[in-house]
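> Input: one structure, supplied below.
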Amino acid sequence: MINLCAIASGSNGNCYYIGNHHEALLIDAGISARQIMARMQQQGINPAKLKAVFISHEHSDHTSGARVLSKKLNIPVFVTSRTYMAMYNYHRPPAPRFFEPDTEIHVGSFIIYPFLKNHDAAEPCSFRVMHNELSIGVFTDIGSPCDRLRHHLQHCQALFLETNYDEKMLWEGRYPWPLKKRIASDVGHLSNDQAFELINGPFGSRLQLVFLSHLSAENNTPEKALARFEGLQDRMKIHLTSRCRAGDVFHFYSKTEPALPADRQGTLNFK
Ligand SMILES: [Zn+2]
Ligand SMILES: [Zn+2]
C-alpha cells in the first residue's frame, strides 16, 4: 500500500507526498517547512515519517522549504549538484545528498528513479517512485514530453501530472509576450492539451489515478483542466490538486493487496 497526497501544487509552491505505513518521501518542498508540516498534520500524516526530500529543480516554487525542513526533521535532501549550485543560498539544505540523473536511489523500501526533463533550469529532473510493484510518477515543470518521460510513464499506475495552462487563456491573457512564449516553449510548462495527449496515448495505459498538478493561477482554472480530462474518467480516476491546502490522502493498493475500508474523513481507498 502506498499513500499519496499533494501537500501543495501550483505555480506558487509544490510538494508531493508518497508514503507507506511507516516511512515517506517528499518530492519538492516549495512552500515553507511550517506549512508543509501543518498541512501534513491536517491530513493525519505524522511528519516524523519523512525519510527524505527530493528536489526536482532550483525554481523556488520547488525549493523554498527544503533547508528548514531538512534541519527541523534532520532528514537528507537529495538534489543534483548543478541544481544545488543554482538554488538560492538560503534554500540550500545544509548537508545535500547529491544524485546523478538516471540512477536508482534506495530510501527505505522505496526506489526512486530521477531522470532529466525539458525545463529551463540547470539540471531539472522528474521522478518515478517505486514501492513493491507500484510506480508513482511526479511529472511537473515539463516544456515538452521526451522519450525518457514516456519510458517512465509507461510503468506508472499513479501520476502527479502538470496541467499548467489552458492555451486560450495563456495567449489571450495579460502576461507579457516573452513570458507567454517562455511558458509555451519546449522548456516551459505543459498545457492541459499536452498533458492530455501524453496520457491518452499508449504510454498512459497503466494509469489508474492522475492528479492534475501545478495549475497556473493566471492561465488556467480547475474547471478547465478537469473538463479537458473528462473523456478519461471511465479509464482512470482524475483528481485536482490545490495551491491552498493539502488534498485528500489516497491509499493506493497494488492488485495483490486487500483494500482496507476508508476509516477517516478525507481518506479515500482506491484500487
Ligand atoms: Zn520550474
Ligand atoms: Zn514549478
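Residues are referred to by chain and number: the chain letter is A, B, ... according to the order shown in the C-alpha cells, the number counts from 1 in that chain, and ligands are numbered separately from 1 in the order shown.
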Pick out the residues sitting within 6 Å of region 79-87 of chain A, and hand them over as an mmCIF file with N, CA, C and O atoms, in the first residue's frame; count only C-alpha atoms, and ignore anything fewer than 4 positions along from it in its own chain.


```cif
data_model
loop_
_atom_site.group_PDB
_atom_site.id
_atom_site.type_symbol
_atom_site.label_atom_id
_atom_site.label_comp_id
_atom_site.auth_asym_id
_atom_site.auth_seq_id
_atom_site.Cartn_x
_atom_site.Cartn_y
_atom_site.Cartn_z
ATOM 1 N N ILE A 55 14.571 17.074 -4.611
ATOM 2 C CA ILE A 55 14.337 18.370 -5.269
ATOM 3 C C ILE A 55 14.429 18.176 -6.777
ATOM 4 O O ILE A 55 15.427 17.657 -7.291
ATOM 5 N N HIS A 57 14.186 20.709 -9.237
ATOM 6 C CA HIS A 57 14.988 21.762 -9.872
ATOM 7 C C HIS A 57 14.972 22.991 -8.971
ATOM 8 O O HIS A 57 14.264 23.007 -7.958
ATOM 9 N N GLU A 58 15.727 24.013 -9.333
ATOM 10 C CA GLU A 58 16.021 25.084 -8.390
ATOM 11 C C GLU A 58 14.963 26.177 -8.283
ATOM 12 O O GLU A 58 15.087 27.060 -7.434
ATOM 13 N N PHE A 98 23.942 14.352 -3.041
ATOM 14 C CA PHE A 98 23.939 14.555 -4.485
ATOM 15 C C PHE A 98 23.616 13.262 -5.221
ATOM 16 O O PHE A 98 24.105 12.195 -4.852
ATOM 17 N N PHE A 99 22.774 13.381 -6.237
ATOM 18 C CA PHE A 99 22.497 12.223 -7.093
ATOM 19 C C PHE A 99 22.723 12.596 -8.546
ATOM 20 O O PHE A 99 22.726 13.774 -8.910
ATOM 21 N N ALA A 122 18.818 24.347 -14.349
ATOM 22 C CA ALA A 122 20.190 23.860 -14.518
ATOM 23 C C ALA A 122 20.249 22.367 -14.864
ATOM 24 O O ALA A 122 20.959 21.954 -15.784
ATOM 25 N N GLU A 123 19.541 21.556 -14.115
ATOM 26 C CA GLU A 123 19.580 20.102 -14.327
ATOM 27 C C GLU A 123 18.243 19.511 -13.852
ATOM 28 O O GLU A 123 18.204 18.746 -12.871
#
```

> Produce as an MDAnalysis selection string the set of residues near ligand 1, where near means within 9 Å with only C-alpha atoms and all ligand atoms considered.

chainID A and resid 11 56:62 119:121 124 140:142 188:189

> Take the residues just selected and output them with all heavy atoms as a short mmCIF file (atom, residue, chain, number, x, y, z; two decimals), in the first residue's frame.


```cif
data_model
loop_
_atom_site.label_atom_id
_atom_site.label_comp_id
_atom_site.auth_asym_id
_atom_site.auth_seq_id
_atom_site.Cartn_x
_atom_site.Cartn_y
_atom_site.Cartn_z
N SER A 11 1.71 27.08 -9.27
CA SER A 11 2.87 27.90 -9.61
C SER A 11 3.47 28.59 -8.39
O SER A 11 4.58 29.10 -8.46
CB SER A 11 2.46 28.96 -10.64
OG SER A 11 1.91 28.31 -11.76
N SER A 56 13.39 18.64 -7.49
CA SER A 56 13.36 18.43 -8.94
C SER A 56 14.21 19.46 -9.69
O SER A 56 14.84 19.13 -10.69
CB SER A 56 11.92 18.47 -9.45
OG SER A 56 11.34 19.74 -9.20
N HIS A 57 14.19 20.71 -9.24
CA HIS A 57 14.99 21.76 -9.87
C HIS A 57 14.97 22.99 -8.97
O HIS A 57 14.26 23.01 -7.96
CB HIS A 57 14.49 22.06 -11.29
CG HIS A 57 13.11 22.64 -11.38
ND1 HIS A 57 11.98 21.95 -10.98
CD2 HIS A 57 12.66 23.84 -11.83
CE1 HIS A 57 10.91 22.69 -11.19
NE2 HIS A 57 11.29 23.84 -11.69
N GLU A 58 15.73 24.01 -9.33
CA GLU A 58 16.02 25.08 -8.39
C GLU A 58 14.96 26.18 -8.28
O GLU A 58 15.09 27.06 -7.43
CB GLU A 58 17.36 25.74 -8.76
CG GLU A 58 17.37 26.55 -10.06
CD GLU A 58 17.73 25.70 -11.27
OE1 GLU A 58 17.57 24.47 -11.20
OE2 GLU A 58 18.15 26.29 -12.29
N HIS A 59 13.93 26.17 -9.11
CA HIS A 59 12.94 27.24 -9.01
C HIS A 59 12.31 27.23 -7.61
O HIS A 59 12.01 26.17 -7.07
CB HIS A 59 11.88 27.08 -10.11
CG HIS A 59 12.45 27.27 -11.49
ND1 HIS A 59 11.84 26.79 -12.62
CD2 HIS A 59 13.60 27.87 -11.90
CE1 HIS A 59 12.58 27.10 -13.68
NE2 HIS A 59 13.66 27.75 -13.26
N SER A 60 12.08 28.42 -7.08
CA SER A 60 11.75 28.49 -5.65
C SER A 60 10.39 27.89 -5.32
O SER A 60 10.15 27.53 -4.17
CB SER A 60 11.86 29.92 -5.13
OG SER A 60 11.10 30.77 -5.92
N ASP A 61 9.52 27.73 -6.31
CA ASP A 61 8.25 27.04 -6.01
C ASP A 61 8.47 25.53 -5.77
O ASP A 61 7.51 24.79 -5.54
CB ASP A 61 7.20 27.29 -7.10
CG ASP A 61 7.61 26.83 -8.50
OD1 ASP A 61 8.76 27.11 -8.90
OD2 ASP A 61 6.79 26.21 -9.20
N HIS A 62 9.73 25.09 -5.81
CA HIS A 62 10.07 23.68 -5.53
C HIS A 62 11.09 23.53 -4.40
O HIS A 62 11.40 22.41 -3.99
CB HIS A 62 10.60 23.01 -6.80
CG HIS A 62 9.58 23.02 -7.89
ND1 HIS A 62 8.76 21.94 -8.16
CD2 HIS A 62 9.19 24.01 -8.73
CE1 HIS A 62 7.93 22.26 -9.12
NE2 HIS A 62 8.16 23.51 -9.49
N HIS A 119 13.11 21.55 -19.20
CA HIS A 119 12.63 22.71 -18.45
C HIS A 119 13.79 23.70 -18.32
O HIS A 119 14.94 23.27 -18.34
CB HIS A 119 12.14 22.25 -17.07
CG HIS A 119 11.37 23.28 -16.30
ND1 HIS A 119 10.27 23.93 -16.82
CD2 HIS A 119 11.52 23.77 -15.04
CE1 HIS A 119 9.81 24.78 -15.92
NE2 HIS A 119 10.54 24.70 -14.83
N ASP A 120 13.48 24.98 -18.20
CA ASP A 120 14.56 25.97 -18.21
C ASP A 120 15.21 26.11 -16.83
O ASP A 120 15.08 27.13 -16.16
CB ASP A 120 14.05 27.32 -18.72
CG ASP A 120 12.83 27.81 -17.97
OD1 ASP A 120 12.34 27.07 -17.08
OD2 ASP A 120 12.36 28.93 -18.24
N ALA A 121 15.92 25.07 -16.45
CA ALA A 121 16.63 25.05 -15.17
C ALA A 121 17.96 24.34 -15.39
O ALA A 121 18.21 23.78 -16.46
CB ALA A 121 15.78 24.33 -14.13
N PRO A 124 17.15 19.89 -14.52
CA PRO A 124 15.82 19.55 -14.00
C PRO A 124 15.51 18.06 -14.14
O PRO A 124 15.79 17.45 -15.17
CB PRO A 124 14.89 20.39 -14.87
CG PRO A 124 15.64 20.60 -16.14
CD PRO A 124 17.09 20.66 -15.78
N THR A 140 6.11 17.27 -13.24
CA THR A 140 5.68 18.67 -13.39
C THR A 140 6.82 19.49 -13.99
O THR A 140 7.95 19.01 -14.08
CB THR A 140 5.30 19.30 -12.02
OG1 THR A 140 6.47 19.49 -11.24
CG2 THR A 140 4.29 18.47 -11.27
N ASP A 141 6.53 20.71 -14.38
CA ASP A 141 7.53 21.61 -14.97
C ASP A 141 8.20 20.97 -16.17
O ASP A 141 9.42 20.72 -16.17
CB ASP A 141 8.57 22.05 -13.92
CG ASP A 141 7.91 22.77 -12.76
OD1 ASP A 141 7.24 22.10 -11.97
OD2 ASP A 141 8.03 24.00 -12.68
N ILE A 142 7.40 20.68 -17.18
CA ILE A 142 7.89 20.00 -18.38
C ILE A 142 7.50 20.83 -19.59
O ILE A 142 6.31 21.07 -19.84
CB ILE A 142 7.24 18.60 -18.50
CG1 ILE A 142 7.62 17.73 -17.30
CG2 ILE A 142 7.64 17.93 -19.79
CD1 ILE A 142 6.67 16.60 -17.06
N GLY A 188 9.33 25.16 -21.10
CA GLY A 188 8.44 25.84 -20.16
C GLY A 188 7.57 24.86 -19.40
O GLY A 188 8.09 24.06 -18.61
N HIS A 189 6.27 24.92 -19.68
CA HIS A 189 5.31 24.10 -18.91
C HIS A 189 4.37 23.34 -19.84
O HIS A 189 4.22 23.69 -21.01
CB HIS A 189 4.50 25.01 -17.99
CG HIS A 189 5.32 25.60 -16.88
ND1 HIS A 189 5.60 24.91 -15.73
CD2 HIS A 189 5.94 26.81 -16.76
CE1 HIS A 189 6.36 25.66 -14.93
NE2 HIS A 189 6.58 26.82 -15.54
#
```

> For Leu226 (chain A), work out the shell of residues within 9 Å, counting only C-alpha atoms and skipping chain neighbours fewer than 6 positions away, then give it as a list in words.

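Returned residues: Asn192, Leu212, Ile238, His239 and Leu240 of chain A.
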
> Considering only C-alpha atoms, return as a ChimeraX atom specification whatever protein or nucleic-acid residues lie within 10 Å of Val107 (chain A), sequence-local ones (same chain, fewer than 4 positions apart) excluded.

/A:23-25,51-52,111-112

> Write down as a ChimeraX atom specification the residues of region 3-213 of chain A whose backbone DSSP state falls under strand (DSSP E).

/A:3-8,15-19,24-27,50-54,77-79,96-98,105-107,110-116,125-131,134-139,158-162,209-213

> Quick one: residues within 8 Å of region 150-164 of chain A, only C-alpha atoms, excluding same-chain residues fewer than 5 positions away - as a VMD selection string?

chain A and resid 10 128 134 to 142 145 189 to 192 195 202 to 216 219 to 220 225

> Which of these, A:Asn12, A:His91, A:Gly44, A:Gln233, has the shortest distance to Glu218 (chain A) once you count only C-alpha atoms?

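Answer, going by the shortest atom-to-atom distance: A:Asn12.
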
> Which residue out of A:Gln35, A:Asn3, A:Asn89, A:Asn132 has the minimum interatomic distance to Ser109 (chain A) when only C-alpha atoms are used?

A:Asn132

> Of the residues A:Leu4, A:Ala48, A:Leu73, A:Cys125, which is the one nearest to ligand 2, using only C-alpha atoms and all ligand atoms?

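Closest to ligand 2 of all the choices is A:Cys125.
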
> Select, from A:Tyr17, A:Ser126, A:Ile199, A:Asp193, the residue with the minimum atom-to-atom distance to ligand 2, counting only C-alpha atoms and all ligand atoms.

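Answer, going by the shortest atom-to-atom distance: A:Ser126.
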
> Check the smallest atom-to-atom distance from each of A:Arg243, A:Met169, A:Lys72, A:Ser32 to ligand 2 using only C-alpha atoms and all ligand atoms, then report the winner.

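Nearest to ligand 2: A:Arg243.
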
> Might you pull out every residue within 6 Å of Gly30 (chain A), with only C-alpha atoms counted and same-chain residues fewer than 3 positions away left off, and present them as a ChimeraX atom specification?

/A:13-15,61-65
